[in-house]
Protein chains: 2
Amino acid sequence: MQPSVIYKNIKYSGKWLEQEEIVYRDHNGKMMSWENVKRKNSTGAAVIIAKLKPSNRLILIRQYRPPLDNFIVEFPAGLIDDNENVKMTAVRELMEETGYTGVVISVSYPIFSSPGLTDESLYFVKMEIDELSPENISPKQSSEPTENIEVLHTSENELNEFLKERFGVGDSIDSKVAAFAIGLSDNQF
Amino acid sequence: MQPSVIYKNIKYSGKWLEQEEIVYRDHNGKMMSWENVKRKNSTGAAVIIAKLKPSNRLILIRQYRPPLDNFIVEFPAGLIDDNENVKMTAVRELMEETGYTGVVISVSYPIFSSPGLTDESLYFVKMEIDELSPENISPKQSSEPTENIEVLHTSENELNEFLKERFGVGDSIDSKVAAFAIGLSDNQF
């Protein structure tokens with residue numbers, strides 16, 4: 001039979017995250033329980049795969065993440081604010097986190113970051129940045145003072161090597177960047 | 001200055017997941033607070049990128065996930081058990097979830113699924129499956145009775161189209177599969 005959720009119980013509600021118990025009927029018709037973490041007041045995130053044109057370099061960011069107590073290499077990304085659509089979030093976050101003004105090329109369907117643990121969703125947004133445009137010659141981040149983001153550039157050919165090097169000097173690597181890199185080089189597999 | 005964690009407070013402890021408050025010193029030396037979700041008793045997961053040889057088809061799975069109340073297309077994957085290394089987990093989980101016997105080609109460094117929300121970590125494991133080997137002619141899953149996993153096959157050339165179709169008929173898509181697919185087709189970008 002078709003599994004489905006019967007009810008949910010909020011077990012703990014923090015400022016940003018909420019832990020809930022999900023009681024559901026499984027494919028055998030049996031009542032089961034699962035644990036889920038929700039982002040409160042969030043409709044998802046934009047994750048930005050941006051390239052500088054014409055050099056074709058990829059933009060990544062490096063920032064400290066308290067859950068890892070470490071610096072991690074990620075795609076630029078941010079939560080979709082109220083009254084924003086995904087494209088608006090992507091343009092705003094790219095500007096805030098990297099200083100670059102880009103244009104959106106395409107937006108994916110909604111996807112899920114870790115579906116066994118959280119219903120957190122995101123959209124991949126492909127963007128292009130005209131690096132010869134005056135506004136992109138000396139990009140200036142407009143991050144919030146609590147953020148401290150380093151902008152990284154790499155060519156796609158060198159992405160796997162680049163990530164290995166960052167890992168080698170102690171950085172962590174985000175799963176979406178790593179999966180993208182494996183896909184890029186998969187003709188070698 | 002170098003940010004670092006000062007202390008952590010467990011705010012709620014479920015059966016599998018634990019929510020904690022992290023108090024850390026940021027790059028300005030200021031005390032800040034963050035929320036993190038931990039998997040209890042887990043050292044990470046193996047996420048399997050497996051190909052059938054010689055047909056070169058990719059193996060994906062489709063299963064119901066209570067957090068989404070929906071079916072989702074993912075790579076085969078599972079948590080690393082006590083007394084296992086990542087390779088052992090990958091071989092075991094591929095067998096349990098798909099019925100296939102595969103060999104490990106490579107294992108990535110540890111990576112992080114959603115570093116703003118959780119310290120959950122995983123390893124990408126590339127595997128090959130000899131589809132002409134007797135044990136792989138009629139693969140039989142050995143899933144736990146609580147699991148109900150459908151095995152999907154697709155060529156890499158058709159992966160993006162395949163995922164769009166699955167989304168079109170109502171399935172959700174995992175971020176690691178989607179990022180891999182975007183990487184595969186990125187020469188079109």
# chains A, B, ... in the order shown; residues from 1 in each chain; ligands from 1
call {"tool": "interface_residues", "arguments": {"of": "chain A", "to": "chain B", "cutoff": "6 Å", "atoms": "only C-alpha atoms", "output": "list in words"}}
result
Asn36, Pro67, Leu68, Ile111, Phe112, Ser113, Asp119, Ile173, Asp174, Ser175, Lys176, Ala179, Phe180, Gly183 and Leu184 of chain A
call {"tool": "write_last_selection", "arguments": {"atoms": "N, CA, C and O atoms", "output": "CSV table (one decimal), in the first residue's frame"}}
result
chain,number,residue,atom,x,y,z
A,36,ASN,N,12.5,13.9,12.2
A,36,ASN,CA,12.8,14.9,11.1
A,36,ASN,C,13.2,16.2,11.8
A,36,ASN,O,12.7,16.6,12.8
A,67,PRO,N,28.7,24.1,13.0
A,67,PRO,CA,28.4,22.6,13.2
A,67,PRO,C,29.7,21.8,13.0
A,67,PRO,O,29.8,20.7,13.6
A,68,LEU,N,30.6,22.2,12.1
A,68,LEU,CA,31.8,21.4,11.8
A,68,LEU,C,33.0,22.0,12.6
A,68,LEU,O,34.0,21.3,12.6
A,111,ILE,N,14.8,20.3,-4.8
A,111,ILE,CA,15.5,19.1,-4.5
A,111,ILE,C,15.8,19.1,-3.0
A,111,ILE,O,15.6,20.1,-2.3
A,112,PHE,N,16.2,17.9,-2.4
A,112,PHE,CA,16.2,17.7,-1.0
A,112,PHE,C,17.7,17.4,-0.5
A,112,PHE,O,18.3,16.5,-1.1
A,113,SER,N,18.1,18.1,0.5
A,113,SER,CA,19.6,18.0,0.8
A,113,SER,C,19.9,16.7,1.5
A,113,SER,O,21.0,16.1,1.3
A,119,ASP,N,13.5,17.8,5.9
A,119,ASP,CA,12.8,18.1,4.7
A,119,ASP,C,13.3,19.4,4.1
A,119,ASP,O,12.7,19.9,3.2
A,173,ILE,N,34.6,19.9,2.8
A,173,ILE,CA,34.0,20.1,1.4
A,173,ILE,C,32.5,19.8,1.5
A,173,ILE,O,32.1,18.7,2.1
A,174,ASP,N,31.7,20.6,0.9
A,174,ASP,CA,30.2,20.4,0.9
A,174,ASP,C,29.9,19.3,-0.1
A,174,ASP,O,30.5,19.2,-1.2
A,175,SER,N,28.8,18.5,0.2
A,175,SER,CA,28.4,17.4,-0.6
A,175,SER,C,27.9,17.8,-2.0
A,175,SER,O,28.1,17.0,-3.0
A,176,LYS,N,27.3,18.9,-2.2
A,176,LYS,CA,26.8,19.3,-3.5
A,176,LYS,C,28.0,19.7,-4.4
A,176,LYS,O,27.9,19.4,-5.6
A,179,ALA,N,29.6,16.3,-5.3
A,179,ALA,CA,28.9,15.5,-6.3
A,179,ALA,C,28.9,16.1,-7.7
A,179,ALA,O,29.1,15.4,-8.7
A,180,PHE,N,28.9,17.5,-7.7
A,180,PHE,CA,29.0,18.2,-9.0
A,180,PHE,C,30.4,17.9,-9.6
A,180,PHE,O,30.5,17.6,-10.8
A,183,GLY,N,30.6,14.4,-11.0
A,183,GLY,CA,29.8,14.3,-12.3
A,183,GLY,C,30.7,14.9,-13.4
A,183,GLY,O,30.8,14.3,-14.5
A,184,LEU,N,31.3,16.1,-13.1
A,184,LEU,CA,32.2,16.7,-14.1
A,184,LEU,C,33.2,15.8,-14.7
A,184,LEU,O,33.6,15.8,-15.9
call {"tool": "select_by_dssp", "arguments": {"residues": "chain B", "states": "strand (DSSP E or B)", "output": "count of residues only"}}
result
79
call {"tool": "decode", "arguments": {"residues": "range 123-147 of chain A", "atoms": "C-alpha atoms", "output": "JSON list (two decimals), in the first residue's frame"}}
result
[["chain", "number", "residue", "atom", "x", "y", "z"],
["A", 123, "TYR", "CA", 17.02, 24.87, -5.88],
["A", 124, "PHE", "CA", 20.15, 24.80, -8.02],
["A", 125, "VAL", "CA", 20.45, 28.11, -9.88],
["A", 126, "LYS", "CA", 22.90, 28.41, -12.76],
["A", 127, "MET", "CA", 24.22, 31.94, -13.19],
["A", 128, "GLU", "CA", 26.66, 33.76, -15.45],
["A", 129, "ILE", "CA", 28.79, 36.73, -14.46],
["A", 130, "ASP", "CA", 30.16, 39.07, -17.12],
["A", 131, "GLU", "CA", 33.63, 39.64, -15.71],
["A", 132, "LEU", "CA", 34.34, 42.44, -18.20],
["A", 133, "SER", "CA", 31.38, 44.49, -16.99],
["A", 134, "PRO", "CA", 32.43, 47.55, -14.87],
["A", 135, "GLU", "CA", 30.37, 46.40, -11.87],
["A", 136, "ASN", "CA", 32.31, 43.12, -11.78],
["A", 137, "ILE", "CA", 35.86, 44.46, -12.10],
["A", 138, "SER", "CA", 36.35, 45.03, -8.36],
["A", 139, "PRO", "CA", 33.58, 43.02, -6.70],
["A", 140, "LYS", "CA", 32.78, 44.10, -3.16],
["A", 141, "GLN", "CA", 30.87, 41.79, -0.83],
["A", 142, "SER", "CA", 27.96, 43.19, 1.16],
["A", 143, "SER", "CA", 27.87, 40.38, 3.71],
["A", 144, "GLU", "CA", 26.31, 40.88, 7.11],
["A", 145, "PRO", "CA", 28.97, 41.65, 9.74],
["A", 146, "THR", "CA", 28.40, 38.18, 11.28],
["A", 147, "GLU", "CA", 29.49, 36.59, 7.99]]
